[in-house]
$ cat start.txt   # compact mmCIF, C-alpha atoms (C1' of nucleotides)
# COMPACT_ATOMS: atom_id res chain seq x y z
CA MET A 1 215.15 61.32 99.44
CA TYR A 2 214.16 64.56 101.14
CA ILE A 3 216.63 67.29 102.12
CA SER A 4 215.46 69.97 104.50
CA GLN A 5 216.45 73.56 103.88
CA LEU A 6 217.42 74.04 107.51
CA ALA A 7 219.67 70.99 107.59
CA HIS A 8 221.35 72.26 104.46
CA ILE A 9 221.99 75.70 105.98
CA ARG A 10 223.41 74.10 109.12
CA ARG A 11 225.96 72.21 107.06
CA TYR A 12 227.67 75.54 106.41
CA VAL A 13 226.83 77.97 109.26
CA SER A 14 225.51 77.73 112.81
CA ILE A 15 221.98 78.84 113.42
CA SER A 16 220.31 79.01 116.85
CA ASP A 17 216.96 77.33 117.38
CA ASP A 18 215.27 80.73 117.61
CA GLU A 19 216.77 81.78 114.31
CA ALA A 20 215.78 78.46 112.81
CA GLN A 21 212.23 79.19 113.91
CA ILE A 22 212.25 82.55 112.11
CA ILE A 23 213.52 80.97 108.92
CA THR A 24 210.96 78.19 108.91
CA THR A 25 208.03 80.51 109.46
CA LYS A 26 209.08 83.05 106.82
CA LEU A 27 209.79 80.63 103.99
CA LYS A 28 207.16 79.20 101.69
CA THR A 29 207.33 75.91 99.86
CA LYS A 30 205.79 75.08 96.52
CA THR A 31 204.66 71.66 95.39
CA LEU A 32 204.96 70.84 91.72
CA LYS A 33 203.54 68.03 89.72
CA LYS A 34 205.57 66.44 86.96
CA LYS A 35 205.70 68.80 83.94
CA ASP A 36 204.75 71.93 85.96
CA PHE A 37 206.80 75.07 85.33
CA LEU A 38 208.46 77.41 87.83
CA ILE A 39 209.92 79.73 85.21
CA THR A 40 208.83 80.39 81.62
CA PRO A 41 210.37 82.63 78.94
CA GLY A 42 209.28 86.24 78.86
CA LYS A 43 208.60 86.46 82.58
CA VAL A 44 210.99 88.00 85.07
CA CYS A 45 212.38 85.45 87.49
CA ARG A 46 211.31 86.28 91.03
CA ALA A 47 212.98 83.74 93.29
CA ASN A 48 215.77 81.33 93.97
CA TYR A 49 214.62 77.74 94.51
CA PHE A 50 215.99 75.07 96.84
CA VAL A 51 214.95 71.57 95.82
CA SER A 52 213.80 69.55 98.86
CA THR A 53 212.71 66.54 96.85
CA GLY A 54 212.22 65.71 93.19
CA LEU A 55 214.00 66.85 90.06
CA LEU A 56 213.94 69.94 87.84
CA ARG A 57 215.45 70.81 84.49
CA LEU A 58 216.46 74.26 83.27
CA TYR A 59 216.39 74.65 79.49
CA PHE A 60 215.94 77.11 76.63
CA ILE A 61 214.89 76.84 73.00
CA ASN A 62 217.94 77.23 70.77
CA LYS A 63 218.26 78.65 67.24
CA LYS A 64 217.23 75.31 65.76
CA GLN A 65 214.04 75.33 67.88
CA LEU A 66 215.31 72.45 70.00
CA GLU A 67 215.22 72.23 73.78
CA GLN A 68 218.71 72.80 75.17
CA ILE A 69 219.04 71.72 78.81
CA THR A 70 221.68 73.67 80.75
CA HIS A 71 221.10 72.47 84.32
CA PHE A 72 219.39 69.84 86.39
CA GLY A 73 218.19 70.51 89.94
CA LEU A 74 218.24 67.55 92.30
CA GLU A 75 217.46 67.26 95.99
CA GLY A 76 219.65 69.64 97.96
CA TRP A 77 220.53 71.82 94.98
CA TRP A 78 219.69 75.44 94.30
CA VAL A 79 218.26 76.29 90.88
CA THR A 80 217.08 79.45 89.19
CA ASP A 81 217.73 81.73 86.23
CA LEU A 82 220.17 83.83 88.23
CA ASP A 83 220.75 86.19 85.32
CA SER A 84 217.06 87.13 85.14
CA LEU A 85 216.73 87.22 88.93
CA ASP A 86 219.73 89.53 89.26
CA SER A 87 219.02 91.88 86.38
CA GLN A 88 215.22 91.73 86.60
CA LYS A 89 215.09 91.20 82.85
CA PRO A 90 212.76 88.63 81.27
CA SER A 91 214.04 85.08 81.34
CA ARG A 92 214.78 83.03 78.23
CA PHE A 93 214.46 79.79 80.20
CA TYR A 94 212.00 77.14 81.26
CA LEU A 95 212.38 75.61 84.72
CA GLN A 96 210.29 72.46 84.76
CA ALA A 97 209.64 69.56 87.12
CA LEU A 98 210.63 66.17 85.73
CA GLU A 99 209.10 64.40 88.73
CA ASP A 100 206.71 65.51 91.45
CA THR A 101 208.86 68.05 93.24
CA GLU A 102 208.92 70.25 96.32
CA VAL A 103 210.94 73.46 96.39
CA VAL A 104 211.60 76.12 99.02
CA VAL A 105 210.97 79.56 97.55
CA TRP A 106 213.39 82.38 98.38
CA ASP A 107 212.08 85.48 96.68
CA THR A 108 214.36 88.50 96.72
CA GLU A 109 212.52 90.37 99.47
CA THR A 110 212.36 87.41 101.85
CA GLN A 111 216.03 86.73 101.29
CA ALA A 112 216.90 90.37 102.04
CA GLN A 113 214.76 90.43 105.20
CA LEU A 114 216.07 87.14 106.55
CA THR A 115 219.66 88.03 105.82
CA LYS A 116 219.22 91.28 107.74
CA GLU A 117 217.88 89.41 110.77
CA ILE A 118 220.30 86.50 110.54
CA PRO A 119 223.68 87.64 109.18
CA GLN A 120 225.04 84.09 109.01
CA LEU A 121 222.73 83.61 106.03
CA GLU A 122 224.91 86.02 104.07
CA THR A 123 227.81 83.66 104.73
CA TYR A 124 225.67 80.68 103.77
CA PHE A 125 224.77 82.21 100.43
CA ARG A 126 228.36 83.29 99.83
CA ILE A 127 229.55 79.72 100.34
CA ILE A 128 226.76 78.22 98.24
CA LEU A 129 227.51 80.60 95.38
CA GLN A 130 231.22 79.94 95.67
CA ARG A 131 230.61 76.23 95.28
CA ALA A 132 228.14 76.74 92.47
CA TYR A 133 230.59 78.94 90.61
CA ALA A 134 233.43 76.47 91.16
CA ALA A 135 231.19 73.72 89.78
CA SER A 136 230.35 75.90 86.81
CA GLN A 137 234.05 76.41 86.09
CA ARG A 138 234.61 72.66 86.24
CA ARG A 139 231.68 72.29 83.86
CA ILE A 140 233.29 74.65 81.34
CA GLU A 141 236.55 72.72 81.66
CA PHE A 142 234.60 69.49 81.11
CA LEU A 143 232.84 70.86 78.03
CA HIS A 144 236.24 71.60 76.48
CA SER A 145 237.70 68.21 77.35
CA ASN A 146 237.47 65.07 75.26
CA THR A 147 235.05 64.22 72.48
CA ASP A 148 231.28 63.96 72.90
CA GLU A 149 231.56 60.21 73.22
CA GLU A 150 234.19 60.42 75.96
CA ARG A 151 232.14 63.04 77.82
CA TYR A 152 229.16 60.70 77.85
CA ARG A 153 231.26 57.81 79.12
CA ASN A 154 232.82 59.93 81.87
CA PHE A 155 229.47 61.33 82.89
CA SER A 156 227.84 57.94 83.17
CA THR A 157 230.63 56.50 85.28
CA TRP A 158 230.55 59.52 87.61
CA PHE A 159 226.76 59.68 87.96
CA PRO A 160 225.41 56.22 87.18
CA GLY A 161 222.27 56.73 89.28
CA PHE A 162 221.41 60.01 87.66
CA VAL A 163 221.76 58.63 84.14
CA GLN A 164 218.97 56.18 84.89
CA ARG A 165 216.73 58.87 86.36
CA VAL A 166 216.31 61.02 83.25
CA PRO A 167 215.25 60.11 79.70
CA GLN A 168 218.20 59.61 77.38
CA TYR A 169 217.25 62.42 75.08
CA MET A 170 217.50 64.86 77.98
CA LEU A 171 220.94 63.60 78.88
CA ALA A 172 221.97 64.01 75.24
CA SER A 173 220.68 67.58 75.30
CA TYR A 174 222.53 68.37 78.52
CA LEU A 175 225.76 66.93 77.12
CA GLY A 176 225.29 68.86 73.90
CA PHE A 177 224.57 66.26 71.24
CA THR A 178 221.66 64.45 69.58
CA PRO A 179 219.64 61.50 70.95
CA GLN A 180 220.55 59.54 67.81
CA PHE A 181 224.23 59.91 68.56
CA LEU A 182 223.74 58.79 72.16
CA SER A 183 221.88 55.73 70.92
CA LYS A 184 224.74 54.96 68.54
CA ILE A 185 227.31 55.16 71.35
CA ARG A 186 225.29 52.92 73.64
CA GLY A 187 224.82 50.40 70.85
CA LYS A 188 228.57 50.24 70.34
CA LYS A 189 229.18 49.60 74.05
CA VAL A 190 227.23 46.32 74.06
CA LYS A 191 229.16 44.80 71.18
CA GLU A 192 232.60 45.19 72.83
CA MET B 1 243.06 101.72 82.74
CA TYR B 2 243.51 101.11 86.47
CA ILE B 3 240.70 99.96 88.77
CA SER B 4 241.24 100.24 92.50
CA GLN B 5 240.09 97.45 94.75
CA LEU B 6 238.48 99.88 97.15
CA ALA B 7 236.52 101.69 94.47
CA HIS B 8 235.27 98.31 93.27
CA ILE B 9 234.11 97.31 96.76
CA ARG B 10 232.35 100.63 97.20
CA ARG B 11 230.32 100.01 94.05
CA TYR B 12 228.49 97.30 95.97
CA VAL B 13 228.63 98.05 99.72
CA SER B 14 229.37 101.06 101.91
CA ILE B 15 232.66 101.13 103.73
CA SER B 16 233.72 103.82 106.21
CA ASP B 17 237.07 105.54 105.78
CA ASP B 18 238.42 103.72 108.85
CA GLU B 19 237.39 100.40 107.41
CA ALA B 20 238.88 101.39 104.09
CA GLN B 21 242.12 102.06 105.90
CA ILE B 22 242.13 98.57 107.42
CA ILE B 23 241.53 96.97 104.05
CA THR B 24 244.29 98.89 102.29
CA THR B 25 246.88 98.10 104.93
CA LYS B 26 246.08 94.38 105.13
CA LEU B 27 246.05 93.62 101.41
CA LYS B 28 249.12 92.92 99.32
CA THR B 29 249.53 93.53 95.64
CA LYS B 30 251.66 91.59 93.21
CA THR B 31 253.22 92.94 90.05
CA LEU B 32 253.58 90.57 87.14
CA LYS B 33 255.54 90.90 83.96
CA LYS B 34 254.12 89.60 80.72
CA LYS B 35 254.30 85.77 80.69
CA ASP B 36 254.64 85.45 84.51
CA PHE B 37 252.49 82.83 86.23
CA LEU B 38 250.25 83.18 89.29
CA ILE B 39 249.06 79.58 89.26
CA THR B 40 250.65 76.47 87.77
CA PRO B 41 249.39 72.87 87.62
CA GLY B 42 250.17 70.63 90.56
CA LYS B 43 250.23 73.44 93.11
CA VAL B 44 247.34 74.22 95.42
CA CYS B 45 245.79 77.59 94.68
CA ARG B 46 246.19 79.90 97.67
CA ALA B 47 244.40 83.11 96.78
CA ASN B 48 241.73 84.93 94.86
CA TYR B 49 243.07 87.69 92.60
CA PHE B 50 241.57 91.06 91.72
CA VAL B 51 243.03 92.53 88.54
CA SER B 52 243.84 96.24 89.01
CA THR B 53 245.47 96.65 85.63
CA GLY B 54 246.63 94.37 82.86
CA LEU B 55 245.29 91.08 81.54
CA LEU B 56 245.47 87.43 82.60
CA ARG B 57 244.46 84.16 80.99
CA LEU B 58 243.39 80.98 82.77
CA TYR B 59 244.04 77.80 80.79
CA PHE B 60 244.73 74.10 81.02
CA ILE B 61 246.39 71.53 78.76
CA ASN B 62 243.73 69.31 77.21
CA LYS B 63 243.88 65.67 76.10
CA LYS B 64 245.41 66.69 72.77
CA GLN B 65 248.18 68.57 74.62
CA LEU B 66 246.81 71.92 73.45
CA GLU B 67 246.31 75.00 75.61
CA GLN B 68 242.60 75.44 76.32
CA ILE B 69 241.78 78.91 77.64
CA THR B 70 238.72 79.00 79.90
CA HIS B 71 238.79 82.57 81.26
CA PHE B 72 240.36 85.94 80.75
CA GLY B 73 240.91 88.37 83.63
CA LEU B 74 240.69 92.05 82.74
CA GLU B 75 240.89 95.16 84.91
CA GLY B 76 238.22 95.02 87.59
CA TRP B 77 237.68 91.27 87.31
CA TRP B 78 238.31 88.56 89.85
CA VAL B 79 240.21 85.50 88.67
CA THR B 80 241.38 82.29 90.28
CA ASP B 81 241.03 78.54 90.15
CA LEU B 82 238.15 78.57 92.61
CA ASP B 83 237.86 74.79 92.56
CA SER B 84 241.43 74.34 93.81
CA LEU B 85 241.14 77.27 96.23
CA ASP B 86 237.94 75.84 97.73
CA SER B 87 238.93 72.19 97.91
CA GLN B 88 242.65 72.76 98.54
CA LYS B 89 243.40 70.17 95.89
CA PRO B 90 246.18 70.75 93.31
CA SER B 91 245.19 72.91 90.38
CA ARG B 92 245.12 71.72 86.79
CA PHE B 93 245.38 75.30 85.51
CA TYR B 94 247.86 77.96 84.51
CA LEU B 95 247.04 81.59 85.35
CA GLN B 96 249.35 83.74 83.27
CA ALA B 97 249.84 87.45 82.58
CA LEU B 98 249.36 88.41 78.92
CA GLU B 99 250.52 91.96 79.64
CA ASP B 100 252.35 93.58 82.55
CA THR B 101 249.73 93.21 85.26
CA GLU B 102 249.00 94.23 88.83
CA VAL B 103 246.74 92.12 91.03
CA VAL B 104 245.44 92.45 94.58
CA VAL B 105 246.02 89.19 96.46
CA TRP B 106 243.27 87.90 98.76
CA ASP B 107 244.58 84.75 100.35
CA THR B 108 242.10 82.72 102.33
CA GLU B 109 243.30 83.84 105.77
CA THR B 110 243.33 87.54 104.94
CA GLN B 111 239.85 87.26 103.47
CA ALA B 112 238.59 85.50 106.62
CA GLN B 113 240.17 88.07 108.92
CA LEU B 114 238.94 91.08 106.99
CA THR B 115 235.43 89.67 106.64
CA LYS B 116 235.31 89.17 110.40
CA GLU B 117 236.28 92.81 111.02
CA ILE B 118 234.15 94.24 108.20
CA PRO B 119 230.98 92.22 107.72
CA GLN B 120 229.95 94.19 104.63
CA LEU B 121 232.74 92.35 102.83
CA GLU B 122 230.73 89.15 103.16
CA THR B 123 227.96 90.90 101.25
CA TYR B 124 230.46 92.20 98.70
CA PHE B 125 231.76 88.71 98.00
CA ARG B 126 228.26 87.28 97.89
CA ILE B 127 227.28 89.81 95.22
CA ILE B 128 230.49 89.34 93.24
CA LEU B 129 230.04 85.58 93.24
CA GLN B 130 226.39 85.91 92.30
CA ARG B 131 227.34 87.98 89.26
CA ALA B 132 230.21 85.70 88.36
CA TYR B 133 227.92 82.67 88.55
CA ALA B 134 225.24 84.40 86.50
CA ALA B 135 227.88 85.24 83.88
CA SER B 136 229.02 81.63 83.91
CA GLN B 137 225.45 80.47 83.27
CA ARG B 138 225.16 82.89 80.35
CA ARG B 139 228.46 81.49 79.09
CA ILE B 140 227.12 77.93 79.12
CA GLU B 141 224.00 79.14 77.30
CA PHE B 142 226.25 80.88 74.78
CA LEU B 143 228.38 77.77 74.24
CA HIS B 144 225.23 75.84 73.34
CA SER B 145 223.91 78.54 70.99
CA ASN B 146 224.74 78.88 67.32
CA THR B 147 227.64 77.45 65.38
CA ASP B 148 231.29 78.23 66.08
CA GLU B 149 231.26 80.81 63.30
CA GLU B 150 228.20 82.59 64.72
CA ARG B 151 229.73 82.56 68.19
CA TYR B 152 232.83 84.27 66.89
CA ARG B 153 230.78 86.92 65.08
CA ASN B 154 228.65 87.58 68.16
CA PHE B 155 231.66 87.77 70.39
CA SER B 156 233.50 90.24 68.21
CA THR B 157 230.51 92.56 67.92
CA TRP B 158 229.98 92.45 71.70
CA PHE B 159 233.64 92.94 72.63
CA PRO B 160 235.37 94.62 69.70
CA GLY B 161 238.08 96.16 71.88
CA PHE B 162 238.94 92.92 73.56
CA VAL B 163 239.27 91.03 70.29
CA GLN B 164 242.10 93.36 69.30
CA ARG B 165 243.86 93.00 72.66
CA VAL B 166 244.60 89.26 72.50
CA PRO B 167 246.28 87.17 69.78
CA GLN B 168 243.79 85.47 67.52
CA TYR B 169 244.86 81.98 68.45
CA MET B 170 243.96 82.68 72.08
CA LEU B 171 240.53 83.90 71.10
CA ALA B 172 240.08 80.74 69.03
CA SER B 173 241.06 78.66 72.04
CA TYR B 174 238.64 80.51 74.32
CA LEU B 175 235.81 80.07 71.82
CA GLY B 176 236.66 76.40 71.43
CA PHE B 177 237.99 76.02 67.91
CA THR B 178 241.28 76.10 65.96
CA PRO B 179 243.25 79.18 64.85
CA GLN B 180 243.02 77.90 61.27
CA PHE B 181 239.25 77.94 61.41
CA LEU B 182 239.23 81.47 62.81
CA SER B 183 241.49 82.58 60.00
CA LYS B 184 239.13 80.98 57.47
CA ILE B 185 236.13 82.82 58.91
CA ARG B 186 237.91 86.16 58.89
CA GLY B 187 239.02 85.63 55.31
CA LYS B 188 235.43 85.01 54.26
CA LYS B 189 234.26 88.23 55.89
CA VAL B 190 236.42 90.42 53.64
CA LYS B 191 235.11 88.95 50.40
CA GLU B 192 231.46 89.66 51.14
C1' DA C 1 269.42 96.46 61.42
C1' DG C 2 269.16 91.58 61.23
C1' DC C 3 267.89 86.97 62.94
C1' DA C 4 264.72 84.23 65.56
C1' DT C 5 260.49 83.42 67.30
C1' DT C 6 255.69 83.99 67.34
C1' DT C 7 251.50 84.64 64.98
C1' DC C 8 248.60 84.32 60.97
C1' DT C 9 247.05 82.47 56.45
C1' DT C 10 245.77 79.21 52.82
C1' DA C 11 244.39 74.91 50.93
C1' DA C 12 243.68 69.82 50.57
C1' DT C 13 241.87 66.09 53.00
C1' DC C 14 239.52 63.84 56.71
C1' DT C 15 236.24 62.84 60.59
C1' DC C 16 232.95 63.20 64.27
C1' DG C 17 228.64 63.91 65.03
C1' DA C 18 224.26 66.15 62.64
C1' DT C 19 220.47 65.29 59.70
C1' DT C 20 216.83 62.73 57.74
C1' DA C 21 213.76 59.23 57.77
C1' DA C 22 211.60 54.97 58.89
C1' DC C 23 210.75 51.84 62.40
C1' DT C 24 210.38 49.64 67.26
C1' DT C 25 209.61 49.83 72.06
C1' DT C 26 207.90 51.85 76.12
C1' DT C 27 204.86 54.75 78.68
C1' DT C 28 200.69 57.36 79.27
C1' DT C 29 195.98 58.17 78.99
C1' DC C 30 191.03 57.41 78.81
C1' DG D 1 193.43 47.14 77.78
C1' DA D 2 193.44 49.61 73.37
C1' DA D 3 194.90 53.76 71.21
C1' DA D 4 197.97 57.53 71.33
C1' DA D 5 201.94 59.73 72.61
C1' DA D 6 206.61 59.66 74.07
C1' DA D 7 211.09 57.65 73.94
C1' DG D 8 214.61 54.93 71.79
C1' DT D 9 216.96 52.55 67.68
C1' DT D 10 219.18 51.99 63.20
C1' DA D 11 221.22 53.28 58.91
C1' DA D 12 222.41 56.28 54.91
C1' DT D 13 224.02 60.69 53.75
C1' DC D 14 225.94 65.19 54.74
C1' DG D 15 228.66 69.07 56.54
C1' DA D 16 231.09 72.12 59.97
C1' DG D 17 235.17 72.32 61.64
C1' DA D 18 239.69 69.48 62.58
C1' DT D 19 244.02 68.05 60.82
C1' DT D 20 248.11 68.43 58.24
C1' DA D 21 251.42 70.90 55.99
C1' DA D 22 253.69 74.84 54.10
C1' DG D 23 254.58 79.43 53.62
C1' DA D 24 253.92 84.54 54.79
C1' DA D 25 253.75 88.26 57.98
C1' DA D 26 254.48 90.34 62.25
C1' DT D 27 256.93 90.92 66.51
C1' DG D 28 260.66 90.56 69.68
C1' DC D 29 265.42 90.55 70.85
C1' DT D 30 270.70 91.75 70.83
$ encode --input "start.txt" --output "structure tokens"
Amino acid sequence: MYISQLAHIRRYVSISDDEAQIITTKLKTKTLKKKDFLITPGKVCRANYFVSTGLLRLYFINKKQLEQITHFGLEGWWVTDLDSLDSQKPSRFYLQALEDTEVVVWDTETQAQLTKEIPQLETYFRIILQRAYAASQRRIEFLHSNTDEERYRNFSTWFPGFVQRVPQYMLASYLGFTPQFLSKIRGKKVKE
Amino acid sequence: MYISQLAHIRRYVSISDDEAQIITTKLKTKTLKKKDFLITPGKVCRANYFVSTGLLRLYFINKKQLEQITHFGLEGWWVTDLDSLDSQKPSRFYLQALEDTEVVVWDTETQAQLTKEIPQLETYFRIILQRAYAASQRRIEFLHSNTDEERYRNFSTWFPGFVQRVPQYMLASYLGFTPQFLSKIRGKKVKE
DNA sequence: AGCATTTCTTAATCTCGATTAACTTTTTTC
DNA sequence: GAAAAAAGTTAATCGAGATTAAGAAATGCT
């Protein structure tokens, strides 16, 4: 699947064809091969990324030196280390392609310029952020609901396709437990 | 402490005195006594709330029938069930005053009207949401870092004043463990 | 001031999921 | 297509934090 940036914007605000032209010429895309990085720890995050096609993961190395995944970025999603981008402090995160991926790059200056020229973009970003924040609140609610086992079962009924798209150990990391435990749960399921 | 809505807006965007006038006349405030509710489960959330003074907690009843606090709203913070407000579906949350509290009420229509008249407000909300989302991402990172004990110790060094403002069992709920465990940790601290 | 309610503490026991380690299966690479 | 690397499985042991229960301290209310 491929989701165009412009189509995504037009889901939320109306943009004339002239304005669309301006947007398309100003924005750059970046093509990533599987395992390439967009963000690495220590560097200041410079842009917000819209995933046109492919899949990204956002993760950090926790106290136990293990990779802790906090977000996935699928087609049509925005991903970045917003904290680093906002504060201009070095990131603690890796943003890595899990498949060959194409992203649209909105660095801070381009976003400011385009928003000045096309005020509807301010509305677009406001709506996008509102939805992202609402999703994040649901996520926090979800993290405090049920046991780890129940959270896995819920997740895999809600997003069956996604579960098959990422390695199990990454799903375990995202859900906050070990690969061994996930394996145990799945083993149980078969026997019932 | 009392934080005025207008002063807060002017931290982020410039607003003329005429515009300020419009804002102040259109907005309503609501005064809450300790234990009053702004949101209760089953009802659709109608507004976004800016806390001028006082303290709110946002919580839901989890599978074990226990109150799970997900957010606190202090002076100068925005609080609501954004998911319900956005989707217009019934909320699963309680939003309750922990002290006598005053909030500024931005219902959806008023926000739309005011944003139309004063476009800088769109920018204001975009920035506010960006920061809120960034904070939420840090929160998810924090939840996946360290043990429960370490999280409590970090939290109380970062926000020593806040820790004394809420009952311990609410802090335990927010941090995701039991009051008994919190008590155990605090007991340990003294002996060292 | 006095009684009721709310909040906090302590301690014994229990449990979910982590840890460790060895092994199997799948995927990648040259 | 063989060797290496990555991903997944299984099982025994361990431990952080939950549960249960009871009592103590603080706070609110008339």
$ atom_distance --input "start.txt" --atom1 "atom CA of A:Leu85" --atom2 "atom CA of A:Thr53"
22.5 Å
$ residues_around --input "start.txt" --residues "C:DT19" --least-positions-apart "2" --cutoff "12 Å" --atoms "only C-alpha atoms (C1' of nucleotides)" --output "count of residues only"
10
$ closest_atom_pairs --input "start.txt" --of "chain A" --to "chain B" --cutoff "8 Å" --atoms "only C-alpha atoms" --output "Markdown table"
| residue | atom | partner | partner_atom | distance |
| --- | --- | --- | --- | --- |
| A:Asn62 | CA | B:Ser145 | CA | 6.1 |
| A:Lys63 | CA | B:Asn146 | CA | 6.5 |
| A:Gln68 | CA | B:His144 | CA | 7.4 |
| A:Thr70 | CA | B:Glu141 | CA | 6.9 |
| A:Asp81 | CA | B:Ala134 | CA | 8.0 |
| A:Leu82 | CA | B:Ala134 | CA | 5.4 |
| A:Asp83 | CA | B:Ala134 | CA | 5.0 |
| A:Asp86 | CA | B:Arg131 | CA | 7.8 |
| A:Glu122 | CA | B:Thr123 | CA | 6.4 |
| A:Thr123 | CA | B:Glu122 | CA | 6.4 |
| A:Phe125 | CA | B:Arg126 | CA | 6.7 |
| A:Arg126 | CA | B:Arg126 | CA | 4.4 |
| A:Leu129 | CA | B:Leu129 | CA | 6.0 |
| A:Gln130 | CA | B:Leu129 | CA | 6.3 |
| A:Arg131 | CA | B:Asp86 | CA | 7.7 |
| A:Ala132 | CA | B:Tyr133 | CA | 7.1 |
| A:Tyr133 | CA | B:Tyr133 | CA | 5.0 |
| A:Ala134 | CA | B:Asp83 | CA | 4.9 |
| A:Ala135 | CA | B:Asp83 | CA | 7.3 |
| A:Ser136 | CA | B:Ser136 | CA | 6.6 |
| A:Gln137 | CA | B:Ser136 | CA | 7.6 |
| A:Arg138 | CA | B:Asp83 | CA | 7.4 |
| A:Ile140 | CA | B:Thr70 | CA | 7.1 |
| A:Glu141 | CA | B:Thr70 | CA | 6.9 |
| A:His144 | CA | B:Gly176 | CA | 7.0 |
| A:Ser145 | CA | B:Asn62 | CA | 6.1 |
| A:Asn146 | CA | B:Lys63 | CA | 6.5 |
| A:Gly176 | CA | B:His144 | CA | 7.0 |
$ write_last_selection --input "start.txt" --atoms "C-alpha atoms" --output "PDB file, keeping the file's coordinate frame"
ATOM      1  CA  ASN A  62     217.940  77.230  70.770  1.00  0.00           C
ATOM      2  CA  LYS A  63     218.260  78.650  67.240  1.00  0.00           C
ATOM      3  CA  GLN A  68     218.710  72.800  75.170  1.00  0.00           C
ATOM      4  CA  THR A  70     221.680  73.670  80.750  1.00  0.00           C
ATOM      5  CA  ASP A  81     217.730  81.730  86.230  1.00  0.00           C
ATOM      6  CA  LEU A  82     220.170  83.830  88.230  1.00  0.00           C
ATOM      7  CA  ASP A  83     220.750  86.190  85.320  1.00  0.00           C
ATOM      8  CA  ASP A  86     219.730  89.530  89.260  1.00  0.00           C
ATOM      9  CA  GLU A 122     224.910  86.020 104.070  1.00  0.00           C
ATOM     10  CA  THR A 123     227.810  83.660 104.730  1.00  0.00           C
ATOM     11  CA  PHE A 125     224.770  82.210 100.430  1.00  0.00           C
ATOM     12  CA  ARG A 126     228.360  83.290  99.830  1.00  0.00           C
ATOM     13  CA  LEU A 129     227.510  80.600  95.380  1.00  0.00           C
ATOM     14  CA  GLN A 130     231.220  79.940  95.670  1.00  0.00           C
ATOM     15  CA  ARG A 131     230.610  76.230  95.280  1.00  0.00           C
ATOM     16  CA  ALA A 132     228.140  76.740  92.470  1.00  0.00           C
ATOM     17  CA  TYR A 133     230.590  78.940  90.610  1.00  0.00           C
ATOM     18  CA  ALA A 134     233.430  76.470  91.160  1.00  0.00           C
ATOM     19  CA  ALA A 135     231.190  73.720  89.780  1.00  0.00           C
ATOM     20  CA  SER A 136     230.350  75.900  86.810  1.00  0.00           C
ATOM     21  CA  GLN A 137     234.050  76.410  86.090  1.00  0.00           C
ATOM     22  CA  ARG A 138     234.610  72.660  86.240  1.00  0.00           C
ATOM     23  CA  ILE A 140     233.290  74.650  81.340  1.00  0.00           C
ATOM     24  CA  GLU A 141     236.550  72.720  81.660  1.00  0.00           C
ATOM     25  CA  HIS A 144     236.240  71.600  76.480  1.00  0.00           C
ATOM     26  CA  SER A 145     237.700  68.210  77.350  1.00  0.00           C
ATOM     27  CA  ASN A 146     237.470  65.070  75.260  1.00  0.00           C
ATOM     28  CA  GLY A 176     225.290  68.860  73.900  1.00  0.00           C
TER      29      GLY A 176
END
$ residues_around --input "start.txt" --residues "D:DT19" --least-positions-apart "2" --cutoff "10 Å" --atoms "all atoms listed in the file" --output "list in words"
Thr178 and Gln180 of chain B; DT13, DC14 and DT15 of chain C; DG17 and DA21 of chain D
$ write_last_selection --input "start.txt" --atoms "C-alpha atoms (C1' of nucleotides)" --output "PDB file, in the frame of the given file"
ATOM      1  CA  THR B 178     241.280  76.100  65.960  1.00  0.00           C
ATOM      2  CA  GLN B 180     243.020  77.900  61.270  1.00  0.00           C
TER       3      GLN B 180
ATOM      4  C1'  DT C  13     241.870  66.090  53.000  1.00  0.00           C
ATOM      5  C1'  DC C  14     239.520  63.840  56.710  1.00  0.00           C
ATOM      6  C1'  DT C  15     236.240  62.840  60.590  1.00  0.00           C
TER       7       DT C  15
ATOM      8  C1'  DG D  17     235.170  72.320  61.640  1.00  0.00           C
ATOM      9  C1'  DA D  21     251.420  70.900  55.990  1.00  0.00           C
TER      10       DA D  21
END
$ interface_residues --input "start.txt" --of "chain C" --to "chain A" --cutoff "12 Å" --atoms "only C-alpha atoms (C1' of nucleotides)" --output "list in words"
DC16, DG17, DA18, DT19, DT20, DT26 and DT27 of chain C
$ interface_residues --input "start.txt" --of "chain D" --to "chain B" --cutoff "12 Å" --atoms "only C-alpha atoms (C1' of nucleotides)" --output "ChimeraX atom specification"
/D:16-20,26-27
$ write_last_selection --input "start.txt" --atoms "C-alpha atoms (C1' of nucleotides)" --output "mmCIF file, in the frame of the given file"
data_model
loop_
_atom_site.group_PDB
_atom_site.id
_atom_site.type_symbol
_atom_site.label_atom_id
_atom_site.label_comp_id
_atom_site.auth_asym_id
_atom_site.auth_seq_id
_atom_site.Cartn_x
_atom_site.Cartn_y
_atom_site.Cartn_z
ATOM 1 C "C1'" DA D 16 231.090 72.120 59.970
ATOM 2 C "C1'" DG D 17 235.170 72.320 61.640
ATOM 3 C "C1'" DA D 18 239.690 69.480 62.580
ATOM 4 C "C1'" DT D 19 244.020 68.050 60.820
ATOM 5 C "C1'" DT D 20 248.110 68.430 58.240
ATOM 6 C "C1'" DA D 26 254.480 90.340 62.250
ATOM 7 C "C1'" DT D 27 256.930 90.920 66.510
#
$ closest_residue --input "start.txt" --among "A:Lys89, A:Arg57, A:Lys184, A:Lys28" --to "D:DT10" --atoms "all atoms listed in the file"
A:Lys184
$ residues_around --input "start.txt" --residues "C:DT9" --least-positions-apart "6" --cutoff "12 Å" --atoms "all atoms listed in the file" --output "list in words"
Gln168, Pro179, Gln180, Phe181, Leu182, Ser183, Lys184, Ile185, Arg186 and Gly187 of chain B; DA22, DG23, DA24 and DA25 of chain D
